[in-house]
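These notes concern the structure reproduced below.
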Amino acid sequence: MLNHYETVFILTPVLSEPQMKEAAARFKGFLENGGAKIVNEESWGLKKLAYPIDNKTTGFYSLIEFDAEPSIIESLTTQFRREEKVIRFMITKLDKNAAEYAVKRRSKSKSNE
């Protein structure tokens with residue numbers, strides 16, 4: 001049974017643009033290799049943090065929305081914790097209402113482009 005998840009992670013601001021994209025691609029690849037189906041991927045760019053983390057006040061935000069078996073979440077958490085470029089991450093299982101909202105948000109952002 002596949003569940004719908006989204007993960008948002010913040011990468012350290014000292015990375016170059018290619019390094020940031022490579023790190024995000026590595027997590028996406030990890031999910032795909034684990035049998036997850038990527039639904040949506042967004043890079044929100046460099047943003048100010050709500051509070052300093054490890055003396056950093058900004059970070060590169062990325063979002064990946066995916067369908068996967070629940071068993072992959074523990075492995076993904078381990079991957080995030082091992083990667084020193086990640087300063088924060090959050091993985092959320094989306095219920096029916098949150099999944100519907102995510103679809104609306106995606107279509108709205110696509111129409112704004």
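Note on naming: chains are A, B, ... as they come in the structure tokens, residues start from 1 per chain, ligands start from 1 in the order shown.
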Using DSSP assignments from the backbone, pull out every residue in chain A that falls under strand (DSSP E) and give it to me as an mmCIF file with C-alpha atoms, in the first residue's frame.
data_model
loop_
_atom_site.group_PDB
_atom_site.id
_atom_site.type_symbol
_atom_site.label_atom_id
_atom_site.label_comp_id
_atom_site.auth_asym_id
_atom_site.auth_seq_id
_atom_site.Cartn_x
_atom_site.Cartn_y
_atom_site.Cartn_z
ATOM 1 C CA ASN A 3 1.137 6.337 1.053
ATOM 2 C CA HIS A 4 1.444 9.937 -0.092
ATOM 3 C CA TYR A 5 4.301 11.875 1.537
ATOM 4 C CA GLU A 6 6.096 15.146 1.193
ATOM 5 C CA THR A 7 9.461 16.110 2.551
ATOM 6 C CA VAL A 8 10.891 19.571 2.939
ATOM 7 C CA PHE A 9 14.575 19.883 3.650
ATOM 8 C CA ILE A 10 16.904 22.822 4.154
ATOM 9 C CA LEU A 11 20.440 22.689 2.786
ATOM 10 C CA LYS A 37 7.075 7.515 -7.347
ATOM 11 C CA ILE A 38 7.991 11.221 -7.406
ATOM 12 C CA VAL A 39 4.826 13.306 -7.765
ATOM 13 C CA ASN A 40 6.275 16.798 -7.508
ATOM 14 C CA GLU A 41 9.607 18.455 -6.870
ATOM 15 C CA GLU A 42 10.185 22.115 -6.069
ATOM 16 C CA SER A 43 13.225 24.182 -5.251
ATOM 17 C CA TRP A 44 12.218 27.227 -3.246
ATOM 18 C CA GLY A 45 15.718 28.729 -3.335
ATOM 19 C CA LEU A 46 17.614 30.579 -0.647
ATOM 20 C CA LYS A 47 15.338 31.792 2.153
ATOM 21 C CA LYS A 48 15.796 33.356 5.559
ATOM 22 C CA LEU A 49 15.396 30.924 8.457
ATOM 23 C CA ALA A 50 12.941 31.666 11.265
ATOM 24 C CA TYR A 51 15.810 31.292 13.745
ATOM 25 C CA PRO A 52 19.567 30.654 13.378
ATOM 26 C CA ILE A 53 20.601 27.008 12.987
ATOM 27 C CA LYS A 56 23.327 30.125 9.788
ATOM 28 C CA THR A 57 20.467 32.511 9.077
ATOM 29 C CA THR A 58 19.577 31.316 5.545
ATOM 30 C CA GLY A 59 19.240 28.002 3.738
ATOM 31 C CA PHE A 60 18.208 26.421 0.435
ATOM 32 C CA TYR A 61 14.686 25.007 0.751
ATOM 33 C CA SER A 62 13.540 22.024 -1.328
ATOM 34 C CA LEU A 63 10.317 20.023 -1.427
ATOM 35 C CA ILE A 64 9.750 16.525 -2.806
ATOM 36 C CA GLU A 65 6.259 15.031 -2.932
ATOM 37 C CA PHE A 66 6.150 11.270 -3.453
ATOM 38 C CA ASP A 67 4.147 8.060 -3.168
ATOM 39 C CA ALA A 68 5.980 5.262 -1.364
ATOM 40 C CA VAL A 86 21.136 19.128 5.390
ATOM 41 C CA ILE A 87 20.533 21.443 8.330
ATOM 42 C CA ARG A 88 16.832 20.555 8.834
ATOM 43 C CA PHE A 89 14.294 18.191 7.302
ATOM 44 C CA MET A 90 10.700 17.160 7.798
ATOM 45 C CA ILE A 91 8.811 14.225 6.297
ATOM 46 C CA THR A 92 5.017 14.358 6.405
ATOM 47 C CA LYS A 93 2.466 11.712 5.481
#
Legend entry - Length of the atom CA of Thr77 of chain A to atom CA of Ser107 of chain A vector [Å]: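 These atoms are spaced 28.5 Å apart.
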Inset, instruction - Would you mind writing down, as a list in words, each residue of segment 45-99 of chain A that DSSP on the backbone assigns to helix (DSSP H, G or I)? - result: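 Selection result, helix (DSSP H, G or I) within segment 45-99 of chain A: Ser71, Ile72, Ile73, Glu74, Ser75, Leu76, Thr77, Thr78, Gln79, Phe80, Arg81, Arg82, Lys96, Asn97, Ala98 and Ala99 of chain A.
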Next, dump the selected residues to file, keeping only all heavy atoms, as a compact mmCIF listing (two decimals), in the first residue's frame.
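So result29.txt came out as:
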# COMPACT_ATOMS: atom_id res chain seq x y z
N SER A 71 7.89 1.76 4.59
CA SER A 71 9.21 1.28 5.02
C SER A 71 10.36 2.17 4.54
O SER A 71 11.43 2.17 5.15
CB SER A 71 9.42 -0.15 4.50
OG SER A 71 9.28 -0.17 3.09
N ILE A 72 10.18 2.95 3.49
CA ILE A 72 11.27 3.77 2.97
C ILE A 72 11.53 5.00 3.84
O ILE A 72 12.62 5.58 3.79
CB ILE A 72 11.01 4.19 1.50
CG1 ILE A 72 12.31 4.63 0.84
CG2 ILE A 72 9.98 5.28 1.42
CD1 ILE A 72 12.22 4.84 -0.65
N ILE A 73 10.57 5.39 4.66
CA ILE A 73 10.69 6.62 5.44
C ILE A 73 11.85 6.55 6.43
O ILE A 73 12.61 7.50 6.58
CB ILE A 73 9.36 6.95 6.15
CG1 ILE A 73 8.25 7.15 5.12
CG2 ILE A 73 9.49 8.17 7.05
CD1 ILE A 73 8.53 8.18 4.04
N GLU A 74 12.00 5.42 7.08
CA GLU A 74 13.11 5.27 8.04
C GLU A 74 14.46 5.41 7.33
O GLU A 74 15.37 6.07 7.82
CB GLU A 74 13.00 3.91 8.73
CG GLU A 74 13.87 3.80 9.97
CD GLU A 74 13.62 2.50 10.71
OE1 GLU A 74 12.48 2.01 10.74
OE2 GLU A 74 14.61 1.99 11.27
N SER A 75 14.58 4.80 6.15
CA SER A 75 15.82 4.89 5.38
C SER A 75 16.08 6.32 4.93
O SER A 75 17.22 6.79 4.95
CB SER A 75 15.76 3.99 4.15
OG SER A 75 15.41 2.69 4.49
N LEU A 76 15.02 7.02 4.51
CA LEU A 76 15.17 8.41 4.06
C LEU A 76 15.61 9.29 5.23
O LEU A 76 16.49 10.14 5.07
CB LEU A 76 13.85 8.92 3.48
CG LEU A 76 13.85 10.36 2.98
CD1 LEU A 76 14.86 10.55 1.84
CD2 LEU A 76 12.46 10.78 2.52
N THR A 77 15.05 9.06 6.39
CA THR A 77 15.45 9.80 7.59
C THR A 77 16.93 9.60 7.87
O THR A 77 17.66 10.56 8.15
CB THR A 77 14.61 9.35 8.81
OG1 THR A 77 13.23 9.58 8.52
CG2 THR A 77 15.00 10.09 10.07
N THR A 78 17.40 8.37 7.76
CA THR A 78 18.82 8.07 7.96
C THR A 78 19.67 8.82 6.92
O THR A 78 20.71 9.38 7.26
CB THR A 78 19.07 6.55 7.85
OG1 THR A 78 18.24 5.90 8.81
CG2 THR A 78 20.51 6.21 8.12
N GLN A 79 19.23 8.83 5.67
CA GLN A 79 19.96 9.55 4.61
C GLN A 79 20.08 11.04 4.93
O GLN A 79 21.14 11.63 4.78
CB GLN A 79 19.27 9.37 3.25
CG GLN A 79 19.36 7.99 2.68
CD GLN A 79 20.78 7.59 2.35
OE1 GLN A 79 21.54 8.38 1.79
NE2 GLN A 79 21.14 6.38 2.71
N PHE A 80 18.98 11.64 5.38
CA PHE A 80 19.00 13.06 5.74
C PHE A 80 19.98 13.31 6.89
O PHE A 80 20.73 14.28 6.88
CB PHE A 80 17.61 13.56 6.14
CG PHE A 80 16.71 13.90 4.98
CD1 PHE A 80 15.40 13.46 4.97
CD2 PHE A 80 17.16 14.67 3.92
CE1 PHE A 80 14.55 13.79 3.91
CE2 PHE A 80 16.32 15.00 2.85
CZ PHE A 80 15.02 14.56 2.86
N ARG A 81 19.95 12.44 7.89
CA ARG A 81 20.82 12.64 9.07
C ARG A 81 22.29 12.45 8.73
O ARG A 81 23.15 13.06 9.35
CB ARG A 81 20.40 11.68 10.18
CG ARG A 81 19.08 12.10 10.78
CD ARG A 81 18.84 11.46 12.14
NE ARG A 81 17.64 12.03 12.73
CZ ARG A 81 16.60 11.32 13.14
NH1 ARG A 81 16.61 10.01 13.03
NH2 ARG A 81 15.56 11.93 13.66
N ARG A 82 22.59 11.59 7.77
CA ARG A 82 23.99 11.34 7.38
C ARG A 82 24.56 12.46 6.52
O ARG A 82 25.77 12.64 6.48
CB ARG A 82 24.09 10.04 6.58
CG ARG A 82 24.01 8.82 7.41
CD ARG A 82 24.25 7.60 6.57
NE ARG A 82 24.14 6.40 7.38
CZ ARG A 82 23.79 5.23 6.92
NH1 ARG A 82 23.49 5.08 5.64
NH2 ARG A 82 23.72 4.19 7.71
N LYS A 96 -5.87 12.49 2.98
CA LYS A 96 -6.65 12.77 1.77
C LYS A 96 -6.79 14.29 1.54
O LYS A 96 -6.60 14.78 0.44
CB LYS A 96 -8.02 12.11 1.91
CG LYS A 96 -8.91 12.25 0.70
CD LYS A 96 -10.26 11.60 0.92
CE LYS A 96 -10.99 12.41 1.93
NZ LYS A 96 -12.33 12.26 2.23
N ASN A 97 -7.12 15.03 2.60
CA ASN A 97 -7.33 16.47 2.46
C ASN A 97 -6.04 17.20 2.13
O ASN A 97 -6.03 18.11 1.30
CB ASN A 97 -7.93 17.05 3.75
CG ASN A 97 -9.31 16.49 4.03
OD1 ASN A 97 -10.05 16.15 3.11
ND2 ASN A 97 -9.64 16.35 5.30
N ALA A 98 -4.95 16.82 2.77
CA ALA A 98 -3.67 17.47 2.51
C ALA A 98 -3.21 17.16 1.09
O ALA A 98 -2.63 18.02 0.41
CB ALA A 98 -2.63 17.00 3.52
N ALA A 99 -3.45 15.96 0.61
CA ALA A 99 -3.08 15.58 -0.76
C ALA A 99 -3.88 16.41 -1.76
O ALA A 99 -3.32 16.88 -2.76
CB ALA A 99 -3.30 14.10 -0.98
Legend entry - Gap from atom CA of Phe30 of chain A to atom CA of Ser16 of chain A - Å, one decimal: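 Taking atom CA of Phe30 of chain A as the start and atom CA of Ser16 of chain A as the end point, the length is 21.4 Å.
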Legend entry - d(atom CA of Arg106 of chain A, atom CA of Gly34 of chain A) in Å: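 Going from atom CA of Arg106 of chain A over to atom CA of Gly34 of chain A, I get 24.3 Å.
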Inset, instruction - Can you work out which one of A:Gln19, A:Ser109, A:Asn33, A:Thr12 has the shortest atom-to-atom distance to Asn55 of chain A, counting only C-alpha atoms? - result: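 The answer is A:Thr12, which sits nearest to Asn55 of chain A.
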